[in-house]
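Report on one structure; see the data block that follows.
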Amino acid sequence: MIPLFRPTLTGLEPERVAAAMAAGSLSGAGAFGRRCEAWLESATGCARALLVPSCTHALELSAMLLGIGPGDEVIVPSFTFSSTASAFALHGATIVFVDVLAGTMNMDVAAAAAAITKRTRAIVPVHYAGNACDMGALISLASAANVTIVEDAAQALGSTYRERPLGSLGALGALSFHSTKNIQCGEGGALLIGDPAMVDRAEILREKGTDRARFLRGEVDRYAWQEVGSSLLLGELPAAYLSAQLEASPEVNARRVASWEQYQAALAPLERAGHIELPRTTPEATHNGHIFYVKTRSRAEQVALSGALKARDIGAAFHYVPLHSAPAGVRVGRFSGDDRVTTADSARLLRLPLYDRMESADVETVAAAIAQFYGA
C-alpha cells in the first residue's frame, strides 16, 4: 500500500525521549523545550518562540494577546481547518470568511481588502500546502487598515516568502507539529512572536497567568498570578521527540520537495490535456513540499478518481469542507464577497500520497494510476 502519509522518523527520537525521562522533569519549559524554542528563534528570526500543545493553542494564545472579544471581526479564508476560525470565535469574535485563489488555494487579498470594516482586528492568512500567501500585499493591506496579521503557518515550517521564513512575517505566527505535518511530535505547536512588545505578556498567558518564566530565569525571587491566562506549555517528552525532528527539518523538507516536483513533472501531460489542474506556487516564495494535490473537472470525477486509487491501495483524500458552509461556520460568521473558488474547487481537490523518504517508484506508481484512470 502507498499511504497518504507516514510519520517522519529521524532515528534519534527514542534517544532524546529517554534522555528527557532520565532527567526526571517532564513538565513544560524544560531543557528540551528551551532547545526547540532556541532552534525556532534561530531558524525564523522571530523575537520569541513559545512551544504550546498545538497550533490551535498558538492561535488561541494569539487571540488572547490581541484582546479579541465580542464585537471584533477576524478575516480568515473559508478554505482552511476549523482551528483557524475557532480560535478567535472562542473569544467572541465574528469570523468573516473570504474566498481563495484557484491557483494556490490561499487567501484572495482583494477579497480580504473588501471585507475590512471598522470592527476588523486581525487578518489570518493560511499558507496552504506550505506555499506562501501573497504576504507583501497582505502586509500593505493590514498596515493601511491598522489591523494585525496572525499567520496560520501550520503547514509551512521551512517555507519562505522573499527569503523570510513563513510564520515570521506577521506580528504573530502559529506552527503545527501534528502527526500529519512534515515535522511532528504527535500533537504540538509553537507561537512565533514577531513583536518584541508582546513577549512578556505571552509568557504570562502561557503560564496560567503567572510570571513563572521570569522566576525560572532568576529575574524575580518568586512568581505570582498576574492576569487570567491558561495552561499552554508543551511537556518535555514531546519536546524531546520534536528536537530531533526540528534539527533534521532541512533534509526532511528537501526530500519532500523532490517528491512534489516529481509529481508535478509526471502529471504535467495530464494537465496539458485538460484532465486535471496542478498546484501553482507563489512568486518569490519557496515551499516545503507539505501537500501535493490535483483538481479534477468535477466533484463526481474527484470521487471516481479517489475510488480508483484506493482500489489500487493508494491513499488519497479530499481536504476541507469550506468553513462558511459548515454548521459552526454558519453560527459564528459570514462569507464576505463572492464565493468564486472556495466551494467549487474544494469539491474537486484530491490530495495524493506525500511523506518523508517516499520512494521515487511510488510517485511513479501514483502518477501512472492517475494516467490510466484518464486513459492516457
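Chain lettering (A, B, ...) mirrors the order of the C-alpha cells, residue numbering begins at 1 for each chain separately, and ligand numbering begins at 1 in order of display.
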Open item on the list: Using only C-alpha atoms, which protein or nucleic acid residues come within 9 Å of A:Ser360? Drop anything in the same chain fewer than 4 positions from it, and give the result as a list in words.
Closed with: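 Selected residues are Ser259, Gln262, Glu364 and Thr365 of chain A.
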- [ ] For A:Ser78, work out the shell of residues within 6 Å, counting only C-alpha atoms and skipping chain neighbours fewer than 5 positions away, then give it as a ChimeraX atom specification.
- [x] /A:97-98,322-324
Please save N, CA and C atoms of the selected residues as a tab-separated table (two decimals), in the first residue's frame.
chain	number	residue	atom	x	y	z
A	97	PHE	N	-15.43	35.18	6.58
A	97	PHE	CA	-14.81	34.26	5.65
A	97	PHE	C	-14.67	34.91	4.27
A	98	VAL	N	-13.52	34.67	3.62
A	98	VAL	CA	-13.31	35.21	2.28
A	98	VAL	C	-12.84	34.11	1.34
A	322	PRO	N	-15.59	23.75	3.14
A	322	PRO	CA	-15.50	25.19	3.40
A	322	PRO	C	-16.16	25.57	4.72
A	323	LEU	N	-15.46	26.34	5.53
A	323	LEU	CA	-15.95	26.64	6.87
A	323	LEU	C	-17.25	27.44	6.85
A	324	HIS	N	-17.41	28.31	5.86
A	324	HIS	CA	-18.60	29.17	5.88
A	324	HIS	C	-19.88	28.37	5.66
Open item on the list: I'd like to know which of A:Met105, A:Leu51, A:Ala115, A:Leu191 is closest to A:Phe335, using only C-alpha atoms.
Closed with: A:Ala115
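If you count only C-alpha atoms and ignore residues fewer than 2 places along the chain from A:Glu271, what sits within 12 Å of it is Tyr263, Gln264, Ala265, Ala266, Leu267, Ala268, Pro269, Ala273, Gly274, His275, Ile276, Glu277, Leu278, Pro279, Val294, Lys295, Thr296, Arg297, Ile370, Ala371, Tyr374 and Ala376 of chain A.
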Could you write out the selected residues, including C-alpha atoms, as a CSV table (one decimal), in the first residue's frame?
chain,number,residue,atom,x,y,z
A,263,TYR,CA,4.6,14.6,-9.2
A,264,GLN,CA,4.5,18.0,-11.0
A,265,ALA,CA,6.6,16.7,-13.9
A,266,ALA,CA,4.9,13.3,-14.2
A,267,LEU,CA,1.4,14.8,-14.2
A,268,ALA,CA,2.0,17.8,-16.4
A,269,PRO,CA,0.9,16.0,-19.6
A,273,ALA,CA,-4.6,17.5,-22.0
A,274,GLY,CA,-7.2,19.2,-19.8
A,275,HIS,CA,-7.9,16.3,-17.5
A,276,ILE,CA,-6.6,17.9,-14.2
A,277,GLU,CA,-5.2,21.1,-12.7
A,278,LEU,CA,-2.0,21.1,-10.7
A,279,PRO,CA,-0.9,23.4,-7.9
A,294,VAL,CA,-4.7,17.6,-8.1
A,295,LYS,CA,-8.0,19.2,-9.1
A,296,THR,CA,-10.4,17.1,-11.2
A,297,ARG,CA,-13.0,18.6,-13.6
A,370,ILE,CA,-4.0,8.6,-12.5
A,371,ALA,CA,-2.9,8.5,-16.1
A,374,TYR,CA,-7.9,9.1,-17.7
A,376,ALA,CA,-3.6,8.3,-21.0
Task: Coordinates-based distance that separates atom CA of A:Arg48 from atom CA of A:Ala190 (Å, one decimal) - done: 10.0 Å
- [ ] Name the residues in contact with A:Gly189 at a cut-off of 9 Å, using only C-alpha atoms, excluding same-chain residues fewer than 6 positions from it; report them as a ChimeraX atom specification.
- [x] /A:50-58,154,174-178,234
Since we have the selection now, will you write its residues out, keeping C-alpha atoms, as a short mmCIF file (atom, residue, chain, number, x, y, z; two decimals), in the first residue's frame?
data_model
loop_
_atom_site.label_atom_id
_atom_site.label_comp_id
_atom_site.auth_asym_id
_atom_site.auth_seq_id
_atom_site.Cartn_x
_atom_site.Cartn_y
_atom_site.Cartn_z
CA LEU A 50 6.85 29.54 22.57
CA LEU A 51 6.10 25.83 22.41
CA VAL A 52 2.43 25.06 23.03
CA PRO A 53 0.33 21.86 22.91
CA SER A 54 -0.95 22.51 19.35
CA CYS A 55 -1.25 25.06 16.58
CA THR A 56 -4.83 25.57 17.78
CA HIS A 57 -3.45 26.69 21.14
CA ALA A 58 -0.99 29.02 19.39
CA ALA A 154 0.57 25.28 10.47
CA ALA A 174 1.35 29.74 14.50
CA LEU A 175 3.06 26.43 13.66
CA SER A 176 1.82 22.85 13.96
CA PHE A 177 3.74 19.70 14.85
CA HIS A 178 0.75 17.39 14.47
CA LEU A 234 4.25 21.55 25.78
#
Open item on the list: List the spatial neighbours of A:Gly229 as a count of residues only - criterion: any atom at most 6 Å away, only C-alpha atoms, same-chain residues fewer than 6 positions off excluded.
Closed with: 3
- [ ] Find the residues around A:Gly333 up to 7 Å (only C-alpha atoms counted), leave out those fewer than 4 positions away in its own chain, and share them as an MDAnalysis selection string.
- [x] chainID A and resid 94:96 329
Just write the chosen residues, C-alpha atoms, as a PDB file, in the first residue's frame.
ATOM      1  CA  THR A  94     -17.286  37.321  14.392  1.00  0.00           C
ATOM      2  CA  ILE A  95     -15.458  35.358  11.700  1.00  0.00           C
ATOM      3  CA  VAL A  96     -15.516  36.934   8.248  1.00  0.00           C
ATOM      4  CA  GLY A 329     -19.290  28.459  10.491  1.00  0.00           C
TER       5      GLY A 329
END
Would you list the contacts of stretch 283-286 of chain A as a CSV table (one decimal) with N, CA and C atoms, in the first residue's frame, taking every protein, DNA or RNA residue within 8 Å and counting only C-alpha atoms, but skipping same-chain residues closer than 4 positions in sequence?
chain,number,residue,atom,x,y,z
A,131,ASN,N,2.7,26.6,1.0
A,131,ASN,CA,3.0,27.6,-0.1
A,131,ASN,C,2.5,28.9,0.4
A,132,ALA,N,3.4,29.9,0.3
A,132,ALA,CA,3.1,31.3,0.9
A,132,ALA,C,1.9,32.0,0.2
A,159,SER,N,9.2,26.9,4.9
A,159,SER,CA,8.8,27.7,3.6
A,159,SER,C,9.2,29.1,3.8
A,160,THR,N,9.4,29.9,2.7
A,160,THR,CA,9.7,31.3,2.8
A,160,THR,C,8.9,32.1,1.8
A,161,TYR,N,9.0,33.4,2.1
A,161,TYR,CA,8.4,34.4,1.2
A,161,TYR,C,9.5,35.5,1.2
A,162,ARG,N,10.0,35.8,0.0
A,162,ARG,CA,11.1,36.8,-0.2
A,162,ARG,C,12.2,36.5,0.8
A,163,GLU,N,12.5,35.3,0.9
A,163,GLU,CA,13.6,34.8,1.7
A,163,GLU,C,13.4,34.9,3.2
Open item on the list: To one decimal place in Å, what is the distance between atom CA of A:Ser25 and atom CA of A:Leu65?
Closed with: 28.6 Å
Task: DSSP alpha helix (DSSP H) selection over stretch 20-129 of chain A, as a PyMOL selection string - done: chain A and resi 20-23+31-44+55-66+82-89+109-115
Using only N, CA and C atoms, please write the residues we just selected to a file, as a short mmCIF file (atom, residue, chain, number, x, y, z; two decimals), in the first residue's frame.
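To be explicit, this is the file written out as result.cif:
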data_model
loop_
_atom_site.label_atom_id
_atom_site.label_comp_id
_atom_site.auth_asym_id
_atom_site.auth_seq_id
_atom_site.Cartn_x
_atom_site.Cartn_y
_atom_site.Cartn_z
N ALA A 20 15.13 12.69 28.23
CA ALA A 20 14.17 13.51 28.98
C ALA A 20 13.65 12.75 30.19
N MET A 21 13.36 11.47 30.00
CA MET A 21 12.88 10.66 31.12
C MET A 21 13.94 10.53 32.20
N ALA A 22 15.20 10.36 31.79
CA ALA A 22 16.28 10.21 32.76
C ALA A 22 16.52 11.49 33.55
N ALA A 23 16.25 12.63 32.92
CA ALA A 23 16.45 13.90 33.60
C ALA A 23 15.44 14.10 34.73
N ALA A 31 14.56 21.54 29.54
CA ALA A 31 15.75 21.70 28.70
C ALA A 31 15.44 21.45 27.22
N PHE A 32 14.66 20.42 26.92
CA PHE A 32 14.34 20.15 25.52
C PHE A 32 13.37 21.18 24.96
N GLY A 33 12.45 21.65 25.80
CA GLY A 33 11.56 22.71 25.36
C GLY A 33 12.34 23.96 24.98
N ARG A 34 13.30 24.33 25.83
CA ARG A 34 14.12 25.52 25.54
C ARG A 34 14.98 25.29 24.29
N ARG A 35 15.45 24.06 24.11
CA ARG A 35 16.26 23.75 22.93
C ARG A 35 15.44 23.93 21.65
N CYS A 36 14.20 23.45 21.66
CA CYS A 36 13.33 23.62 20.49
C CYS A 36 13.03 25.08 20.23
N GLU A 37 12.73 25.83 21.28
CA GLU A 37 12.42 27.25 21.11
C GLU A 37 13.61 28.02 20.57
N ALA A 38 14.80 27.69 21.06
CA ALA A 38 16.01 28.36 20.56
C ALA A 38 16.22 28.04 19.08
N TRP A 39 15.96 26.79 18.70
CA TRP A 39 16.10 26.40 17.29
C TRP A 39 15.13 27.20 16.42
N LEU A 40 13.89 27.31 16.86
CA LEU A 40 12.89 28.04 16.09
C LEU A 40 13.24 29.52 15.99
N GLU A 41 13.72 30.10 17.06
CA GLU A 41 14.09 31.52 17.03
C GLU A 41 15.23 31.76 16.06
N SER A 42 16.21 30.84 16.06
CA SER A 42 17.33 30.98 15.14
C SER A 42 16.89 30.77 13.70
N ALA A 43 16.02 29.79 13.47
CA ALA A 43 15.61 29.44 12.11
C ALA A 43 14.67 30.47 11.49
N THR A 44 13.87 31.14 12.32
CA THR A 44 12.86 32.06 11.78
C THR A 44 13.18 33.52 12.01
N CYS A 55 -1.10 23.81 17.34
CA CYS A 55 -1.25 25.06 16.58
C CYS A 55 -2.54 25.76 16.98
N THR A 56 -3.57 24.99 17.30
CA THR A 56 -4.83 25.57 17.78
C THR A 56 -4.57 26.44 19.01
N HIS A 57 -3.78 25.91 19.94
CA HIS A 57 -3.45 26.69 21.14
C HIS A 57 -2.64 27.94 20.80
N ALA A 58 -1.76 27.84 19.80
CA ALA A 58 -0.99 29.02 19.39
C ALA A 58 -1.92 30.10 18.86
N LEU A 59 -2.92 29.71 18.08
CA LEU A 59 -3.89 30.68 17.57
C LEU A 59 -4.75 31.25 18.68
N GLU A 60 -5.13 30.40 19.64
CA GLU A 60 -5.92 30.89 20.78
C GLU A 60 -5.10 31.87 21.62
N LEU A 61 -3.81 31.57 21.80
CA LEU A 61 -2.95 32.49 22.53
C LEU A 61 -2.84 33.81 21.78
N SER A 62 -2.83 33.76 20.46
CA SER A 62 -2.82 34.98 19.66
C SER A 62 -4.06 35.82 19.94
N ALA A 63 -5.21 35.16 19.98
CA ALA A 63 -6.46 35.88 20.27
C ALA A 63 -6.42 36.53 21.65
N MET A 64 -5.85 35.84 22.62
CA MET A 64 -5.72 36.40 23.97
C MET A 64 -4.79 37.60 23.97
N LEU A 65 -3.67 37.47 23.28
CA LEU A 65 -2.70 38.57 23.24
C LEU A 65 -3.29 39.83 22.60
N LEU A 66 -4.12 39.63 21.58
CA LEU A 66 -4.71 40.76 20.88
C LEU A 66 -5.96 41.30 21.57
N SER A 82 -10.68 24.03 10.82
CA SER A 82 -11.57 24.73 11.75
C SER A 82 -10.83 25.59 12.77
N SER A 83 -9.63 25.18 13.16
CA SER A 83 -8.90 25.92 14.20
C SER A 83 -8.64 27.37 13.82
N THR A 84 -8.43 27.62 12.54
CA THR A 84 -8.13 28.98 12.10
C THR A 84 -9.23 29.94 12.53
N ALA A 85 -10.46 29.50 12.44
CA ALA A 85 -11.60 30.32 12.83
C ALA A 85 -11.98 30.13 14.29
N SER A 86 -11.98 28.88 14.74
CA SER A 86 -12.46 28.55 16.09
C SER A 86 -11.66 29.27 17.18
N ALA A 87 -10.36 29.43 16.97
CA ALA A 87 -9.51 30.06 17.98
C ALA A 87 -9.97 31.48 18.31
N PHE A 88 -10.51 32.17 17.32
CA PHE A 88 -10.96 33.55 17.52
C PHE A 88 -12.45 33.60 17.88
N ALA A 89 -13.23 32.69 17.31
CA ALA A 89 -14.65 32.62 17.66
C ALA A 89 -14.82 32.25 19.12
N VAL A 109 -6.33 38.27 -1.63
CA VAL A 109 -6.06 39.54 -0.94
C VAL A 109 -7.11 40.59 -1.28
N ALA A 110 -7.57 40.61 -2.53
CA ALA A 110 -8.61 41.57 -2.92
C ALA A 110 -9.89 41.31 -2.14
N ALA A 111 -10.23 40.05 -1.93
CA ALA A 111 -11.42 39.71 -1.15
C ALA A 111 -11.24 40.14 0.31
N ALA A 112 -10.05 39.95 0.84
CA ALA A 112 -9.78 40.38 2.21
C ALA A 112 -9.90 41.90 2.34
N ALA A 113 -9.39 42.62 1.35
CA ALA A 113 -9.46 44.08 1.38
C ALA A 113 -10.91 44.55 1.40
N ALA A 114 -11.75 43.89 0.61
CA ALA A 114 -13.16 44.27 0.53
C ALA A 114 -13.92 43.92 1.81
N ALA A 115 -13.38 43.00 2.61
CA ALA A 115 -14.07 42.54 3.81
C ALA A 115 -13.76 43.38 5.04
#
- [ ] Using DSSP on the backbone coordinates, identify the residues of stretch 35-171 of chain A assigned to strand (DSSP E); present them as a PyMOL selection string.
- [x] chain A and resi 48-52+73-77+94-98+120-123+148-152+160-161+164-165
TODO: Take atom CA of A:Ala308 and atom CA of A:Ala347 and report the distance between them in Å, one decimal.
DONE: 17.1 Å
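Comparing A:Phe373, A:Tyr293, A:Phe79, A:Tyr241 by their smallest distance to A:Ile183, the closest is A:Tyr241 (using only C-alpha atoms).
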